[in-house]
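J.: Input structure: structure22.cif, which contains mmCIF, C-alpha atoms.
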```cif
data_structure
loop_
_atom_site.label_atom_id
_atom_site.label_comp_id
_atom_site.auth_asym_id
_atom_site.auth_seq_id
_atom_site.Cartn_x
_atom_site.Cartn_y
_atom_site.Cartn_z
CA MET A 152 0.00 0.00 0.00
CA SER A 153 1.18 3.50 -0.69
CA ALA A 154 -0.48 6.73 0.35
CA GLU A 155 0.02 9.73 2.60
CA ASN A 156 -2.66 8.34 4.83
CA LEU A 157 -2.95 4.61 4.96
CA VAL A 158 -6.12 2.63 4.50
CA TYR A 159 -6.05 -1.03 5.44
CA THR A 160 -8.17 -3.80 6.86
CA LEU A 161 -7.50 -5.69 10.06
CA ASN A 162 -9.19 -8.89 11.12
CA VAL A 163 -10.07 -8.32 14.75
CA ASN A 164 -12.04 -10.83 16.78
CA GLY A 165 -13.17 -12.55 13.60
CA THR A 166 -14.45 -9.39 11.90
CA ASN A 167 -12.78 -7.38 9.12
CA ARG A 168 -12.41 -3.78 10.25
CA GLU A 169 -11.31 -0.99 7.92
CA VAL A 170 -8.80 1.51 9.24
CA LYS A 171 -8.81 4.87 7.45
CA ASP A 172 -6.51 7.89 7.50
CA SER A 173 -3.98 6.06 9.61
CA TRP A 174 -0.41 7.22 10.13
CA VAL A 175 2.22 4.60 9.34
CA GLY A 176 3.74 4.65 12.82
CA GLU A 177 0.54 3.89 14.70
CA SER A 178 0.78 0.88 16.95
CA LEU A 179 -1.84 -1.82 16.93
CA LEU A 180 -2.71 -0.76 20.48
CA TYR A 181 -3.45 2.78 19.33
CA VAL A 182 -5.52 1.63 16.36
CA LEU A 183 -7.55 -0.80 18.47
CA ARG A 184 -8.32 1.78 21.12
CA GLU A 185 -8.62 5.01 19.19
CA ARG A 186 -9.82 3.93 15.75
CA LEU A 187 -11.68 0.66 16.24
CA ASP A 188 -13.43 1.45 19.51
CA LEU A 189 -11.89 -1.51 21.33
CA PRO A 190 -10.52 0.06 24.52
CA GLY A 191 -10.08 -3.23 26.38
CA SER A 192 -6.34 -3.42 25.66
CA LYS A 193 -4.60 -0.92 27.93
CA GLY A 194 -1.62 1.31 27.18
CA ALA A 195 0.85 1.90 29.97
CA CYS A 196 4.57 1.56 29.25
CA GLU A 197 4.42 1.61 25.42
CA GLN A 198 7.72 -0.28 25.33
CA GLY A 199 6.72 -3.89 25.83
CA GLU A 200 7.53 -4.14 29.51
CA CYS A 201 4.14 -4.17 31.25
CA GLY A 202 1.97 -6.51 29.16
CA SER A 203 -1.24 -4.54 29.73
CA CYS A 204 -1.74 -4.27 25.95
CA THR A 205 -1.40 -8.03 25.32
CA VAL A 206 -3.41 -9.39 22.37
CA LEU A 207 -3.24 -12.57 20.32
CA LEU A 208 -1.65 -12.09 16.91
CA ASP A 209 -1.88 -15.21 14.73
CA GLY A 210 -2.18 -17.21 17.94
CA ASP A 211 0.82 -15.67 19.74
CA ALA A 212 0.42 -13.47 22.79
CA VAL A 213 2.22 -10.23 21.91
CA CYS A 214 2.36 -6.64 23.10
CA SER A 215 0.09 -4.70 20.76
CA CYS A 216 2.07 -1.52 21.51
CA LEU A 217 5.01 -3.13 19.68
CA VAL A 218 3.07 -4.19 16.59
CA MET A 219 2.92 -1.70 13.74
CA ALA A 220 -0.80 -1.79 12.97
CA ALA A 221 -0.38 -1.39 9.21
CA THR A 222 1.73 -4.57 9.15
CA ALA A 223 -0.91 -6.65 10.95
CA VAL A 224 -3.01 -7.03 7.81
CA ASP A 225 -3.81 -10.62 6.82
CA SER A 226 -3.33 -11.63 10.44
CA SER A 227 -5.81 -12.86 12.99
CA ILE A 228 -6.05 -10.49 15.95
CA THR A 229 -7.89 -11.37 19.15
CA THR A 230 -8.34 -8.78 21.88
CA VAL A 231 -9.76 -9.22 25.36
CA GLU A 232 -13.14 -8.23 23.91
CA GLY A 233 -12.98 -11.25 21.63
CA LEU A 234 -12.47 -13.84 24.34
CA ILE A 235 -16.12 -13.98 25.33
CA SER A 236 -17.39 -17.37 24.34
CA ASP A 237 -20.94 -18.40 23.68
CA THR A 238 -20.75 -21.35 25.97
CA VAL A 239 -18.85 -21.34 29.18
CA MET A 240 -18.93 -24.26 31.55
CA GLY A 241 -21.91 -25.71 29.74
CA GLU A 242 -24.03 -22.61 30.09
CA THR A 243 -24.95 -20.44 27.14
CA ALA A 244 -24.96 -16.69 26.60
CA ARG A 245 -22.45 -15.85 29.29
CA THR A 246 -21.02 -12.38 28.93
CA VAL A 247 -17.61 -13.22 30.30
CA SER A 248 -15.16 -16.07 29.73
CA ASP A 249 -14.32 -18.59 32.42
CA VAL A 250 -10.98 -16.83 33.00
CA GLN A 251 -12.69 -13.47 33.41
CA ALA A 252 -15.27 -15.00 35.77
CA ALA A 253 -12.54 -16.58 37.87
CA PHE A 254 -10.68 -13.26 38.16
CA VAL A 255 -13.86 -11.71 39.55
CA THR A 256 -14.70 -14.61 41.86
CA GLU A 257 -11.18 -14.88 43.26
CA GLY A 258 -10.74 -11.11 43.64
CA ALA A 259 -7.77 -11.07 41.27
CA VAL A 260 -8.60 -7.50 40.23
CA GLN A 261 -7.71 -4.38 42.15
CA CYS A 262 -7.08 -1.28 40.05
CA GLY A 263 -7.80 -3.42 36.99
CA PHE A 264 -5.33 -1.83 34.61
CA CYS A 265 -3.27 -5.00 34.10
CA THR A 266 -6.33 -7.26 34.05
CA PRO A 267 -7.15 -7.34 30.30
CA GLY A 268 -3.56 -8.23 29.41
CA LEU A 269 -3.46 -10.89 32.10
CA ILE A 270 -6.76 -12.36 30.91
CA VAL A 271 -5.39 -12.68 27.36
CA ALA A 272 -2.10 -14.17 28.62
CA VAL A 273 -3.93 -16.71 30.80
CA HIS A 274 -6.27 -17.71 27.97
CA HIS A 275 -3.23 -18.17 25.74
CA LEU A 276 -1.50 -20.33 28.35
CA LEU A 277 -4.47 -22.55 29.17
CA ASP A 278 -5.45 -23.06 25.54
CA LYS A 279 -1.95 -24.40 24.83
CA ASN A 280 -1.36 -26.15 28.15
CA PRO A 281 -4.53 -27.08 30.06
CA SER A 282 -2.68 -28.23 33.19
CA PRO A 283 0.37 -26.02 33.77
CA ASN A 284 2.33 -26.27 37.01
CA ASP A 285 2.97 -23.22 39.23
CA ILE A 286 6.26 -22.37 37.52
CA GLU A 287 4.68 -22.55 34.08
CA VAL A 288 1.89 -20.21 35.21
CA LYS A 289 4.42 -17.77 36.66
CA GLU A 290 6.47 -17.84 33.47
CA ALA A 291 3.42 -17.39 31.26
CA ILE A 292 2.42 -14.19 33.04
CA SER A 293 5.96 -12.96 33.67
CA GLY A 294 5.43 -10.33 30.97
CA ASN A 295 2.32 -8.94 32.69
CA ILE A 296 3.07 -6.60 35.52
CA CYS A 297 0.55 -6.08 38.33
CA ARG A 298 1.44 -3.56 41.02
CA CYS A 299 -1.62 -4.08 43.23
CA THR A 300 -2.43 -7.70 43.94
CA GLY A 301 0.92 -9.26 44.75
CA TYR A 302 -0.22 -11.97 42.30
CA GLY A 303 -1.59 -14.37 44.96
CA ARG A 304 -5.19 -13.92 43.89
CA ILE A 305 -4.22 -14.02 40.22
CA PHE A 306 -2.64 -17.45 40.73
CA ALA A 307 -5.77 -18.50 42.66
CA ALA A 308 -7.91 -17.44 39.69
CA VAL A 309 -5.73 -19.35 37.22
CA ASN A 310 -5.86 -22.45 39.42
CA ALA A 311 -9.66 -22.18 39.65
CA VAL A 312 -9.91 -22.18 35.86
CA ILE A 313 -7.51 -25.12 35.56
CA GLU A 314 -9.64 -27.04 38.03
CA SER A 315 -13.00 -26.23 36.45
CA ARG A 316 -11.79 -26.91 32.90
CA GLY A 317 -10.32 -30.20 34.14
CA LYS A 318 -13.66 -31.22 35.65
CA ASN A 319 -15.47 -30.36 32.41
CA GLN A 320 -13.08 -32.66 30.56
CA GLN A 321 -13.99 -35.62 32.76
CA MET B 191 4.90 6.75 2.87
CA THR B 192 4.86 3.05 2.00
CA VAL B 193 4.29 -0.09 3.98
CA THR B 194 5.12 -3.39 2.35
CA VAL B 195 4.03 -6.51 4.16
CA ALA B 196 6.04 -9.08 2.23
CA THR B 197 5.04 -12.73 2.27
CA ASN B 198 8.11 -14.04 0.46
CA LEU B 199 11.76 -13.07 0.28
CA ALA B 200 11.70 -12.03 -3.39
CA ASP B 201 8.94 -9.48 -2.73
CA ALA B 202 10.73 -8.16 0.36
CA LEU B 203 14.01 -7.76 -1.55
CA ALA B 204 12.26 -6.05 -4.48
CA ALA B 205 10.51 -3.62 -2.13
CA LEU B 206 13.81 -2.86 -0.41
CA ARG B 207 15.54 -2.30 -3.76
CA ALA B 208 12.79 0.18 -4.68
CA THR B 209 13.18 2.06 -1.38
CA PRO B 210 16.61 1.25 0.11
CA GLU B 211 16.01 3.85 2.80
CA ALA B 212 13.12 1.74 4.14
CA ARG B 213 13.29 0.43 7.68
CA LEU B 214 13.18 -3.36 7.83
CA LEU B 215 10.73 -4.46 10.47
CA GLN B 216 11.03 -7.95 11.93
CA GLY B 217 9.31 -8.33 15.32
CA GLY B 218 9.05 -4.58 15.89
CA THR B 219 10.21 -4.72 19.49
CA ASP B 220 12.98 -2.14 18.90
CA THR B 221 11.49 0.01 16.13
CA MET B 222 8.08 0.44 17.75
CA VAL B 223 9.64 1.67 21.01
CA GLU B 224 11.54 4.29 18.98
CA ILE B 225 8.30 5.31 17.25
CA ASN B 226 6.17 5.30 20.42
CA PHE B 227 8.67 7.59 22.13
CA ASN B 228 8.95 9.87 19.14
CA HIS B 229 12.61 9.10 18.51
CA TYR B 230 11.97 7.89 14.99
CA LYS B 231 9.42 8.85 12.33
CA PRO B 232 8.95 6.02 9.87
CA GLU B 233 8.61 6.83 6.18
CA HIS B 234 9.01 3.52 4.39
CA ILE B 235 8.59 0.15 6.03
CA VAL B 236 9.29 -3.34 4.72
CA ALA B 237 7.76 -5.77 7.20
CA LEU B 238 9.31 -9.24 7.31
CA ARG B 239 7.15 -11.05 9.89
CA LYS B 240 5.16 -12.85 7.20
CA VAL B 241 8.15 -13.93 5.09
CA GLU B 242 8.05 -17.70 5.43
CA GLU B 243 11.61 -18.30 4.18
CA LEU B 244 12.97 -16.37 7.16
CA ARG B 245 10.98 -18.29 9.76
CA SER B 246 12.41 -21.77 9.30
CA TYR B 247 15.54 -23.55 10.46
CA SER B 248 17.33 -26.64 9.21
CA ILE B 249 19.79 -29.02 10.79
CA GLN B 250 22.46 -30.32 8.43
CA GLU B 251 22.16 -34.06 7.91
CA ASP B 252 25.48 -34.90 9.54
CA LYS B 253 24.47 -32.74 12.52
CA SER B 254 27.51 -30.50 12.08
CA GLN B 255 25.64 -27.20 11.81
CA ILE B 256 22.26 -25.48 11.90
CA PHE B 257 20.85 -22.78 9.64
CA ILE B 258 18.49 -20.51 11.57
CA GLY B 259 16.27 -18.15 9.60
CA SER B 260 16.53 -14.55 10.74
CA GLY B 261 12.84 -14.43 11.67
CA VAL B 262 12.68 -17.54 13.86
CA PRO B 263 11.31 -16.16 17.13
CA TYR B 264 13.08 -16.60 20.45
CA GLN B 265 10.14 -18.66 21.72
CA THR B 266 11.23 -21.33 19.21
CA LEU B 267 14.95 -20.95 19.95
CA GLU B 268 14.51 -21.47 23.70
CA ASN B 269 13.12 -24.98 23.19
CA ASP B 270 14.27 -28.18 21.51
CA PRO B 271 16.04 -28.94 19.26
CA PHE B 272 18.01 -25.82 20.20
CA LEU B 273 18.01 -26.62 23.91
CA THR B 274 19.90 -29.83 23.16
CA LEU B 275 22.04 -28.81 20.19
CA LEU B 276 22.76 -25.14 20.99
CA PRO B 277 22.21 -24.82 24.75
CA ALA B 278 23.88 -21.39 24.99
CA LEU B 279 21.51 -20.01 22.35
CA ALA B 280 18.50 -21.53 24.13
CA GLN B 281 19.64 -20.03 27.44
CA ALA B 282 20.18 -16.60 25.91
CA SER B 283 16.82 -16.77 24.12
CA ARG B 284 15.06 -17.57 27.38
CA THR B 285 16.47 -14.42 29.01
CA VAL B 286 15.06 -12.15 26.29
CA GLY B 287 12.23 -9.95 27.62
CA SER B 288 8.96 -11.69 28.38
CA PRO B 289 6.94 -14.39 26.60
CA GLN B 290 5.31 -11.60 24.58
CA ILE B 291 8.71 -10.26 23.47
CA ARG B 292 10.05 -13.75 22.75
CA ALA B 293 7.06 -14.39 20.48
CA ALA B 294 8.05 -11.37 18.39
CA GLY B 295 11.84 -11.01 18.71
CA SER B 296 14.39 -12.88 16.58
CA LEU B 297 18.09 -13.16 15.84
CA GLY B 298 17.51 -11.15 12.66
CA GLY B 299 16.19 -8.29 14.75
CA ASN B 300 19.08 -8.56 17.20
CA LEU B 301 21.56 -8.48 14.30
CA GLY B 302 19.77 -5.66 12.50
CA THR B 303 19.63 -3.46 15.59
CA CYS B 304 23.12 -4.60 16.63
CA SER B 305 22.83 -3.28 20.18
CA PRO B 306 25.76 -4.45 22.31
CA ALA B 307 23.13 -5.64 24.81
CA GLY B 308 21.37 -7.92 22.28
CA ASP B 309 21.19 -11.28 24.06
CA GLY B 310 21.62 -13.42 20.97
CA LEU B 311 24.79 -11.70 19.84
CA PRO B 312 27.39 -12.98 22.37
CA VAL B 313 26.26 -16.51 21.51
CA LEU B 314 26.64 -15.91 17.77
CA SER B 315 30.08 -14.41 18.45
CA ALA B 316 31.23 -17.33 20.61
CA LEU B 317 30.01 -19.77 17.97
CA ASP B 318 31.75 -17.88 15.12
CA ALA B 319 28.39 -17.65 13.33
CA ILE B 320 28.12 -16.96 9.63
CA ILE B 321 25.59 -14.26 8.74
CA HIS B 322 23.75 -14.72 5.44
CA LEU B 323 22.75 -11.60 3.51
CA ARG B 324 20.74 -11.33 0.30
CA SER B 325 19.89 -8.58 -2.12
CA VAL B 326 17.83 -8.82 -5.30
CA ASP B 327 20.77 -9.96 -7.39
CA ASP B 328 23.45 -10.93 -4.92
CA GLY B 329 24.11 -12.91 -1.78
CA ARG B 330 27.03 -12.98 0.61
CA ASP B 331 28.11 -14.63 3.84
CA VAL B 332 29.86 -12.62 6.52
CA LEU B 333 31.54 -13.78 9.71
CA ILE B 334 29.72 -12.37 12.74
CA HIS B 335 32.87 -10.51 13.83
CA ASP B 336 32.97 -8.64 10.52
CA PHE B 337 29.22 -8.04 10.58
CA MET B 338 29.04 -6.16 13.89
CA THR B 339 30.95 -2.92 13.42
CA GLY B 340 29.92 -0.72 16.35
CA VAL B 341 27.15 0.50 18.60
CA LYS B 342 23.98 -0.24 16.62
CA ARG B 343 26.10 -0.46 13.45
CA ASN B 344 26.63 -3.39 11.15
CA SER B 345 27.91 -4.07 7.66
CA ARG B 346 24.49 -4.75 6.11
CA LYS B 347 24.09 -2.76 2.90
CA PRO B 348 20.87 -0.74 2.45
CA ASP B 349 19.40 -3.16 -0.11
CA GLU B 350 20.30 -6.31 1.82
CA ILE B 351 18.18 -8.47 4.08
CA ILE B 352 19.68 -10.72 6.74
CA THR B 353 18.24 -14.09 5.79
CA GLY B 354 19.72 -16.15 8.60
CA VAL B 355 22.75 -17.46 10.42
CA THR B 356 24.67 -20.71 10.32
CA VAL B 357 26.19 -21.96 13.54
CA PRO B 358 28.14 -25.14 14.28
CA ILE B 359 26.85 -27.89 16.55
CA LEU B 360 29.72 -28.45 18.96
CA ASN B 361 30.80 -31.13 21.36
CA GLY B 362 31.54 -29.53 24.72
CA PHE B 363 30.07 -27.25 27.35
CA GLN B 364 28.33 -24.04 26.38
CA GLY B 365 26.56 -21.53 28.56
CA TYR B 366 25.17 -17.99 28.60
CA SER B 367 24.83 -15.83 31.70
CA LYS B 368 23.74 -12.28 32.19
CA VAL B 369 23.31 -9.69 34.88
CA GLY B 370 20.36 -7.32 34.92
CA VAL B 371 18.52 -5.29 37.50
CA ARG B 372 16.07 -8.12 38.15
CA ASN B 373 15.38 -11.68 37.16
CA ALA B 374 12.85 -11.29 34.35
CA MET B 375 12.00 -8.82 31.61
CA VAL B 376 15.38 -7.17 31.68
CA ILE B 377 17.98 -5.77 29.30
CA SER B 378 21.52 -6.96 30.01
CA VAL B 379 23.86 -4.88 32.14
CA ALA B 380 26.60 -7.39 31.33
CA SER B 381 26.49 -10.79 29.69
CA ALA B 382 28.87 -13.56 28.70
CA CYS B 383 28.80 -16.67 26.56
CA PHE B 384 31.38 -19.41 27.09
CA VAL B 385 31.80 -22.30 24.68
CA VAL B 386 34.13 -25.31 24.69
CA ASP B 387 34.88 -26.87 21.33
CA LYS B 388 36.38 -30.24 22.19
CA ALA B 389 37.02 -31.24 18.58
CA LYS B 390 39.18 -28.18 17.96
CA THR B 391 40.40 -28.05 21.60
CA GLN B 392 39.35 -24.41 21.72
CA VAL B 393 37.45 -22.29 24.20
CA ARG B 394 35.60 -19.15 23.26
CA LEU B 395 34.35 -16.33 25.43
CA ALA B 396 32.19 -13.46 24.17
CA LEU B 397 30.98 -10.50 26.23
CA GLY B 398 27.82 -8.43 25.77
CA ALA B 399 26.84 -4.93 26.95
CA VAL B 400 30.40 -4.07 27.99
CA GLY B 401 31.70 -2.42 24.82
CA PRO B 402 30.56 -0.74 21.61
CA THR B 403 29.74 -4.16 20.27
CA ILE B 404 30.21 -7.79 21.35
CA ILE B 405 33.77 -8.46 22.53
CA ARG B 406 35.57 -11.74 21.91
CA CYS B 407 38.18 -12.31 24.63
CA ARG B 408 40.87 -13.75 22.39
CA ASP B 409 43.73 -13.14 24.85
CA THR B 410 41.84 -14.82 27.67
CA GLU B 411 40.88 -17.74 25.43
CA GLN B 412 44.53 -18.14 24.38
CA TRP B 413 45.72 -17.93 28.00
CA LEU B 414 43.30 -20.60 29.16
CA SER B 415 44.20 -23.04 26.41
CA GLU B 416 47.86 -22.67 27.39
CA GLN B 417 47.11 -23.41 31.04
CA VAL B 418 44.96 -26.52 30.81
CA ASP B 419 43.73 -29.20 28.46
CA VAL B 420 40.47 -27.48 27.54
CA ALA B 421 38.97 -30.61 26.04
CA ALA B 422 39.13 -32.26 29.46
CA SER B 423 37.07 -29.38 30.91
CA ASP B 424 38.51 -29.71 34.40
CA PHE B 425 39.08 -26.17 35.59
CA SER B 426 40.34 -25.37 39.10
CA ASN B 427 38.94 -22.55 41.23
CA LYS B 428 42.24 -20.73 40.87
CA ILE B 429 42.18 -20.95 37.08
CA ALA B 430 38.54 -19.82 37.04
CA LYS B 431 39.32 -16.79 39.19
CA GLU B 432 42.17 -15.75 36.92
CA PHE B 433 40.01 -16.43 33.84
CA GLY B 434 37.41 -14.02 35.22
CA ARG B 435 40.02 -11.39 36.01
CA ARG B 436 41.48 -11.56 32.53
CA ALA B 437 38.05 -11.47 30.86
CA ALA B 438 37.19 -8.32 32.83
CA LEU B 439 40.36 -6.68 31.52
CA GLU B 440 39.20 -7.29 27.96
CA ALA B 441 35.83 -5.64 28.61
CA ARG B 442 35.48 -2.01 27.56
CA PRO B 443 32.44 -0.91 29.56
CA ILE B 444 30.99 2.56 29.97
CA ASP B 445 28.78 4.31 32.52
CA ASP B 446 25.21 4.70 31.30
CA HIS B 447 21.59 4.70 32.51
CA ARG B 448 21.69 0.97 33.17
CA SER B 449 24.90 0.63 35.15
CA THR B 450 28.45 1.84 35.73
CA ALA B 451 31.62 0.76 33.99
CA GLU B 452 33.10 -0.37 37.30
CA TYR B 453 30.15 -2.62 38.13
CA ARG B 454 30.02 -4.02 34.62
CA ARG B 455 33.70 -4.96 34.74
CA HIS B 456 33.19 -6.65 38.09
CA ALA B 457 30.10 -8.48 36.77
CA ILE B 458 32.12 -9.83 33.82
CA SER B 459 34.78 -11.25 36.13
CA VAL B 460 32.09 -13.07 38.12
CA LEU B 461 30.14 -14.28 35.06
CA ALA B 462 33.26 -15.61 33.32
CA GLU B 463 34.50 -17.34 36.48
CA ARG B 464 31.11 -18.98 37.08
CA LEU B 465 30.73 -20.10 33.45
CA LEU B 466 34.15 -21.76 33.55
CA LEU B 467 33.29 -23.61 36.76
CA LYS B 468 29.94 -24.67 35.25
CA ALA B 469 31.88 -26.28 32.42
CA ASN B 470 33.32 -28.74 34.93
CA SER B 471 31.39 -32.01 35.04
#
```
Could you show the structure in this file as structure tokens?
T.:
Amino acid sequence: MSAENLVYTLNVNGTNREVKDSWVGESLLYVLRERLDLPGSKGACEQGECGSCTVLLDGDAVCSCLVMAATAVDSSITTVEGLISDTVMGETARTVSDVQAAFVTEGAVQCGFCTPGLIVAVHHLLDKNPSPNDIEVKEAISGNICRCTGYGRIFAAVNAVIESRGKNQQ
Amino acid sequence: MTVTVATNLADALAALRATPEARLLQGGTDTMVEINFNHYKPEHIVALRKVEELRSYSIQEDKSQIFIGSGVPYQTLENDPFLTLLPALAQASRTVGSPQIRAAGSLGGNLGTCSPAGDGLPVLSALDAIIHLRSVDDGRDVLIHDFMTGVKRNSRKPDEIITGVTVPILNGFQGYSKVGVRNAMVISVASACFVVDKAKTQVRLALGAVGPTIIRCRDTEQWLSEQVDVAASDFSNKIAKEFGRRAALEARPIDDHRSTAEYRRHAISVLAERLLLKANS
């Protein structure tokens, strides 16, 4: 593509979304929040250190602040808004995913700024590895910084999901 | 203003030939920080993340060497077969940033940026890696030591793309250690890669983040091989201490926002000593 202002299409949460009048240097985080009305991903450090902007890009958990939006064409992008599933734990029409529900139930949210990134990172982990050990959980969220909870309740939430998904398997 | 999202090497090379001033974008973990902080205004971008040829690796049949495409992410390099065949590379890869960064970052990006703190670079230096470069009508191979020319400087020509590296599979200990301000998600304050090549009865030590580019400690390597039979890998505490002291003398650290020259030099002496002792067994 070649233009003063870029026009391109991103596939976000299964839907093609057109981005107009975009500047080449805009990050995926900026485009999601400011142009596509998806403010779930949070911007904090803007240098890949905090993980609050984590999204799935072609199945990998990445920092959306470090993805040039115009280069994410022909890729599959999933944001925290796209994690809501139609059926959760056998029930239909839930408005949150099992991971989100567990974060609420276990009180894994304080200020909430890191929460969307953590939710995406935990989904990514548990979809790849349904029964991670404590070290694997810690490593999987080592790129997501939370300054409120001390992580104890976050681990409790992850363990609750592991347990409930395990039971559903049986 | 142009953005080319290439899906094969030929298209990427053609786009770069058309706009040699374009910034090559691999994982974006360096360039996007520059852009987000207003240190760099992109004009032309050639994005390489979708170029399949750059994202594969191949082990030579006789298991003597591995070709690693420049876009293979660190999350691949930290696991097998690299963990078994190139343990120092796997260790270095595992210390890069966070899982999110390791999903995006690659050796090609490390080489392109050529920061002295790039975690993959001391390993490539210690392994005497060959860097493969391609342009539309030419290709050349450059030894890593000739590729890295200074702080964030390398010998890549404007119309060339780093396609990958070739590194030998060695018999002998290899390890990578680094010091940072904490245990995860950290840029190196000082780093070292130590490799024993039993077949050639050589040792190699490369230092990161303590000079304008990666430093190979040739004097220290030479000294050690004169002291002991390096293939036996039985190093005394006294030898290790002296090895560390000599390595620190070859470092050329500076004071900056991450650390001081004095601390970096001390860290190198400790890292080199520990790596040598780890090679025992």
J.: Please write as a PyMOL selection string the full residue list that the PyMOL selection byres ((chain A and resi 229) around 7) yields on this file.
T.: chain A and resi 163-164+206-208+227-228+230-231+233
J.: With all atoms listed in the file as the atoms that count, which of A:Glu185, A:Asp278, A:Glu197, A:Glu232 lies nearest to chain B?
T.: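 Comparing A:Glu185, A:Asp278, A:Glu197, A:Glu232 against chain B, the winner is A:Glu197.
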J.: Can you report as JSON the centre and edge lengths in Å, to one decimal, of an axis-aligned box around the listed atoms of range 382-390 of chain B padded with 4 Å on each side?
T.:
```
{"center_x": 34.0, "center_y": -22.4, "center_z": 23.3, "size_x": 18.4, "size_y": 25.7, "size_z": 18.7}
```
J.: Do me a favour and pick out the residues of chain A within 8 Å of chain B, using only C-alpha atoms, as a ChimeraX atom specification.
T.: /A:152-156,175-176,178,197-200,202,205,211-214,216-219,221-222,224,290-294
J.: Which residues come within 10 Å of range 446-456 of chain B, counting only C-alpha atoms, excluding same-chain residues fewer than 4 positions away, as a ChimeraX atom specification?
T.: /B:369-371,377-381,399-401,434-435,437-442,460-461
J.: Taking into account all atoms listed in the file, which residue in the set B:Gly299, B:Pro312, B:Gly261, B:Pro348 is nearest to Ala208 in chain B?
T.: B:Pro348
J.: For the PyMOL selection byres ((chain B and resi 276-282) around 9), applied here, can you spell out every residue it catches as a ChimeraX atom specification?
T.: /B:264,266-275,283-286,309-310,312-314,357-360,363-368,383-385
J.: Between CA of Lys171 in chain A and CA of Ser192 in chain A, what is the distance, to one decimal in Å?
T.: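 So the answer is 20.2 Å.
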J.: At the level of C-alpha atoms, write range 293-331 of chain B to a file as a compact mmCIF listing (two decimals), in the first residue's frame, please.
T.:
```
# COMPACT_ATOMS: atom_id res chain seq x y z
CA ALA B 293 7.06 -14.39 20.48
CA ALA B 294 8.05 -11.37 18.39
CA GLY B 295 11.84 -11.01 18.71
CA SER B 296 14.39 -12.88 16.58
CA LEU B 297 18.09 -13.16 15.84
CA GLY B 298 17.51 -11.15 12.66
CA GLY B 299 16.19 -8.29 14.75
CA ASN B 300 19.08 -8.56 17.20
CA LEU B 301 21.56 -8.48 14.30
CA GLY B 302 19.77 -5.66 12.50
CA THR B 303 19.63 -3.46 15.59
CA CYS B 304 23.12 -4.60 16.63
CA SER B 305 22.83 -3.28 20.18
CA PRO B 306 25.76 -4.45 22.31
CA ALA B 307 23.13 -5.64 24.81
CA GLY B 308 21.37 -7.92 22.28
CA ASP B 309 21.19 -11.28 24.06
CA GLY B 310 21.62 -13.42 20.97
CA LEU B 311 24.79 -11.70 19.84
CA PRO B 312 27.39 -12.98 22.37
CA VAL B 313 26.26 -16.51 21.51
CA LEU B 314 26.64 -15.91 17.77
CA SER B 315 30.08 -14.41 18.45
CA ALA B 316 31.23 -17.33 20.61
CA LEU B 317 30.01 -19.77 17.97
CA ASP B 318 31.75 -17.88 15.12
CA ALA B 319 28.39 -17.65 13.33
CA ILE B 320 28.12 -16.96 9.63
CA ILE B 321 25.59 -14.26 8.74
CA HIS B 322 23.75 -14.72 5.44
CA LEU B 323 22.75 -11.60 3.51
CA ARG B 324 20.74 -11.33 0.30
CA SER B 325 19.89 -8.58 -2.12
CA VAL B 326 17.83 -8.82 -5.30
CA ASP B 327 20.77 -9.96 -7.39
CA ASP B 328 23.45 -10.93 -4.92
CA GLY B 329 24.11 -12.91 -1.78
CA ARG B 330 27.03 -12.98 0.61
CA ASP B 331 28.11 -14.63 3.84
```
